[in-house]
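Engineer: One structure follows; several queries about it will come next.
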Amino acid sequence: MQNLRWKITLILVVLFVFFGLGIYPILADRYHLPAPEWLAAKQLKLGLDLKGGVQLTMRVNTDDALRLTTTNTSEQLRESLKNGNVPFTNIIVDSATAFHVEGVPGDRTAELRNAADEITSTNYDRNPGAGGRFDFTMKPTIARDLREQTVEQALQTIDRRVNALGVTEPTIARQKNDEILVQLPGVADVARAKEIMGSPSLLELKLVEAGPMSSKEDLLKPYNGQLPNDLEVLSGAAERGSPDAGTVYYLVKKVAAVSGQDLRTAREAPDENNQPAVHFSLKPEGARKFGKVTGDNIGRSLAIILDDRVQSAPRIDGRITDEGRISGGFTLQEANDLSLKLRSGALPASLTYLQEQVVGPTLGADSIRSGVIASGTGLILILLFMLWYYKLSGVNAVVALLFNLIILLGLMAYIGATMTLPGIAGFVLTMGVGVDSNVLIFERIKEELAAQRGVRASINAGFDRVFWTLFDTHIASLIAAGFLFQFGTGPIRGFATTLSIGLIVNLFTSIFVSHTIFDMEMAGRKVPALSI
Amino acid sequence: MHIFKNPHYDFVRWRWYAIAVSWVIIIAGLVFINTKGMPKGVEFEGGTTVIVKFQNPTHIDTVRTALETGVADGTNAIVQSYGAAGQNEVMMRLRTSGSESANSLTSTADQVVAALNKAGLGPIAGQCPNQTATNCVAGTEIVGPTVGADLTRRGTLATVFALAGILVYVALRFQLSFAVGAVVATLHDLLITLAFLAFFNYELSLNVIAAILTITGYSMNDTIVIFDRVRENMRSMRRDNLAHIVNTSVNQMLDRTLITGGTTMLSVIALYLFGGEVLKAFAFTMIVGIITGTYSSVFIAAAIVVIWQGFRKPKTAPAAVAPASTPARKSRRRAS
């Protein structure tokens with residue numbers, strides 16, 4: 001008796017706790033019942049497919065970062081060779097990880113080796129070829145580290161941008177190698193989300209040598225059509241009120257005076273024409289550089305360049321230190337988004353979208369509705385069958401099943417598991433599989449009764465003998481569910497989670513809870529009879 | 001209450017017929033898949049799915065015509081009405097998507113919307129902002145061609161590992177012949193399920209793969225329940241030959257096998273009828289899996305154990321079968 005009371009207490013406590021954790025917050029939310037904040041926060045999490053939102057899979061093109069490093073290194077070597085008067089015909093970047101020097105005279109190769117040792121030896125392998133050619137290839141370990149860093153940096157940048165967007169509970173996770181998965185619940189405007197996450201947003205301020213002009217050729221006339229090594233041509237939109245229509249070109253310094261890394265912050269504020277613009281301020285280091293460049297070049301123009309496109313090229317009227325403005329015919333939202341992107345830093349490499357999924361608000365709500373209807377129908381069908389086939393003992397199974405579902409929901413809410421649409425399928429399936437355990441136990445009890453054993457002995461033997469059968473079947477199912485979890489992403493993992501928790505809880509309810517209920521029924525009866 | 005009163009069917013004697021019937025279905029399925037190909041969902045091979053919610057009832061033929069004229073690969077588009085009646089939702093599925101490298105992943109989806117607008121079915125105003133909005137895109141799924149490929153591999157791997165794991169577990173808990181029987185029966189269920197998916201033209205989607213893996217675990221359950229009884233009877237019926245013990249065990253468990261299959265079936269049927277469009281394929285796969293799982297644990301799994309033992313000890317345990325008239329009841333009393 002003592003034992004039984006203890007068991008009942010334990011069951012009621014477990015039930016109470018999980019009802020409070022799993023079911024009550026849902027009811028409280030729906031019917032505006034009072035609930036403490038920590039409990040309301042324990043709401044069963046809904047996956048993207050039920051809540052609605054955007055999911056994107058993107059690849060970080062790490063080659064971009066490697067190519068940049070290779071280009072920079074080759075430029076450094078070019079400078080060094082020039083300064084040391086080492087003759088060569090050309091330096092060419094062959095791929096993201098390789099470049100070569102051509103035409104070094106045989107008697108000067110020692111000097112090239114010296115220069116190269118200083119600049120490239122840590123990161124590049126050097127191979128001499130025929131005709132004074134030297135090939136430089138990035139070391140595999142360096143390339144791997146660099147790719148790794150690039151992905152991590154991209155992940156952090158995207159994370160900052162998404163957080164700045166104010167999305168609640170976003171998921172930004174690295175998948176395999178260079179792939180990143182982003183989930184934005186509640187977001188419907190996928191185009192804007194993609195623009196904000198994927199734009200490199202590399203800000204550079206460069207001195208203008210010539211321009212704006214309407215064609216590249218005009219810009220290069222003073223140089224006989226040959227682009228000097230330290231300059232580059234960039235395009236931009238014609239400024240308001242200028243006679244040039246459409247695209248114009250600027251000849252600017254290759255080296256940036258100030259870049260996005262020097263930024264302290266950026267925010268939207270109207271310019272002097274009351275048009276939306278982005279104001280930025282610089283860190284002390286950047287401010288010093290900016291002050292020097294502007295002080296030395298009063299009267300010239302400074303191009304404000306975003307992702308290799310000139311936004312504007314205002315004239316430097318005086319020395320400016322730590323503040324600046326980017327205007328370029330933005331709308332208010334464009335200006336807001338741009339300042340957000342500048343604040344969160346530049347992406348180290350471009351992104352390629354591999355997969356995109358948008359679940360609109362209707363679809364999510366429909367899925368929840370049909371999930372609830374399917375669960376309800378399944379539950380009623382099973383309950384009716386169990387009550388019809390097993391009479392009063394069916395009640396026992398019904399109670400055990402209800403306990404199973406309540407604990408399942410409560411546990412999922414408590415551990416923060418996510419309910420997805422396939423997860424609902426797992427929930428419904430748990431009902432069907434859940435009563436199977438009761439069926440096996442009941443059938444065994446019937447068998448024992450048929451063998452002329454007493455009711456109590458039959459019940460005990462039924463539970464004892466079936467325990468190991470249930471243990472084996474549950475383990476087999478858990479093995480399959482475990483590999484499903486391993487294989488799956490997002491929604492499928494939700495299914496595997498629901499199924500696994502359901503299985504484990506089922507062992508508790510179908511054996512412990514169900515047995516205790518039988519014990520309760522039998523307690524205090526002299527000549528027990530069983531309706532089964 | 002009993003479904004069968006003291007059944008004593010000779011399941012072991014029917015084993016060769018059962019295996020033949022299964023082979024016919026499996027081979028037909030494989031031939032079918034080989035010639036017609038197994039349609040694969042967007043998530044496997046890449047492609048574009050667009051679900052549009054129209055303001056007015058829109059016939060899917062009208063939509064199909066619009067896509068045929070307005071979208072590059074529109075003639076191969078799958079067009080279905082979606083969701084509950086009266087929602088006016090139409091799902092369009094195309095095998096193409098924009099290129100990944102040019103960052104124009106959405107170009108097919110954009111073409112679809114443009115084609116609908118051109119045909120005067122719109123104007124479709126972008127993504128649905130809320131639940132009541134109409135004439136808008138309710139959902140899209142676009143998968144570039146490079147993501148899909150390895151899903152098939154991972155799905156197959158997960159299935160193989162799950163089977164191997166269960167093989168080891170059953171071999172440890174029972175004996176090797178039982179483990180082989182259970183795994184062959186499960187493999188049989190997977191192949192039959194695939195065959196039926198192909199016959200009924202269901203697409204291989206992530207949900208279907210999940211269902212297939214669930215069947216792997218589920219189909220094992222019935223088999224283990226019967227094996228458990230075989231093991232128990234092997235102790236109490238030491239003098240009987242294996243075929244007889246297996247027959248007795250299957251007959252003793254017949255009610256159980258049918259009821260457990262039945263209750264799970266009830267839940268899956270509820271899912272099939274009311275679970276919505278996305279879960280329909282999942283539920284169908286489960287329905288087939290439960291039927292074949294129940295069938296295979298009665299006809300295949302136990303038979304494999306008998307056959308396996310027959311090969312190992314051809315003299316002491318001939319494949320001969322106990323007389324069908326032997327009442328199963330005789331062995332009901334346990335020795336313990």
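Order determines the names: the first chain of the structure tokens is A, the second B, and so forth; residues in each chain are numbered 1 upward, and ligands are numbered 1 upward as they are shown.
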Using DSSP on the backbone, list every residue of segment 177-246 of chain A that comes out as helix (DSSP H, G or I), and give them as a PyMOL selection string.
Structural biologist: chain A and resi 190-198+216-223
Engineer: Using only C-alpha atoms, determine which residues lie at most 7 Å from segment 10-20 of chain B, disregarding the query and same-chain residues fewer than 2 positions distant; provide the list as a list in words.
Structural biologist: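 The filter keeps His8, Ser22, Trp23, Val24, Ala243, Asn247, Phe299, Ile300, Ala303, Val321 and Ala324 of chain B.
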Engineer: Which residues of chain B have any atom within 6 Å of an atom in chain A when counting only C-alpha atoms, and what is the closest pair of atoms for each, with the distance in Å to one decimal? Order the rows by chain and rising number and write it as a Markdown table.
Structural biologist:
```
| residue | atom | partner | partner_atom | distance |
| --- | --- | --- | --- | --- |
| B:Asn103 | CA | A:Thr352 | CA | 6.0 |
| B:Asn130 | CA | A:Pro361 | CA | 5.6 |
| B:Gln131 | CA | A:Thr362 | CA | 4.7 |
| B:Ala138 | CA | A:Gly360 | CA | 4.7 |
| B:Gly139 | CA | A:Val359 | CA | 4.7 |
| B:Thr140 | CA | A:Val358 | CA | 5.0 |
| B:Glu141 | CA | A:Gln357 | CA | 4.2 |
| B:Ile142 | CA | A:Glu356 | CA | 5.0 |
| B:Val143 | CA | A:Gln355 | CA | 4.4 |
| B:Gly144 | CA | A:Leu354 | CA | 5.0 |
| B:Ala158 | CA | A:Phe483 | CA | 5.4 |
| B:Ala162 | CA | A:Ala480 | CA | 5.0 |
| B:Ile166 | CA | A:Ala476 | CA | 5.8 |
| B:Gly217 | CA | A:Ser477 | CA | 4.1 |
| B:Asn221 | CA | A:Thr473 | CA | 4.8 |
| B:Thr260 | CA | A:Asp436 | CA | 4.9 |
| B:Thr263 | CA | A:Gly432 | CA | 5.2 |
| B:Thr264 | CA | A:Gly432 | CA | 3.8 |
| B:Ser267 | CA | A:Gly378 | CA | 4.4 |
| B:Ala270 | CA | A:Gly378 | CA | 5.1 |
| B:Leu271 | CA | A:Ala374 | CA | 5.1 |
| B:Phe274 | CA | A:Ala374 | CA | 4.9 |
| B:Gly275 | CA | A:Ser370 | CA | 5.0 |
| B:Gly276 | CA | A:Ser370 | CA | 5.6 |
```
Engineer: With only C-alpha atoms as the basis for distance, which of A:Ala529, A:Val310, A:Ile320, A:Val455 is at the shortest distance from Gly295 of chain A?
Structural biologist: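 Under the stated criterion, the closest residue is A:Ile320.
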Engineer: Which distance in Å separates atom CA of Leu197 of chain B and atom CA of Gly83 of chain B, to one decimal?
Structural biologist: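 Spanning atom CA of Leu197 of chain B to atom CA of Gly83 of chain B is a straight-line distance of 21.7 Å.
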Engineer: What separation in Å, quoted to one decimal, exists between atom CA of Phe178 of chain B and atom CA of Val160 of chain B?
Structural biologist: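 Computed distance, atom CA of Phe178 of chain B to atom CA of Val160 of chain B, equals 18.0 Å.
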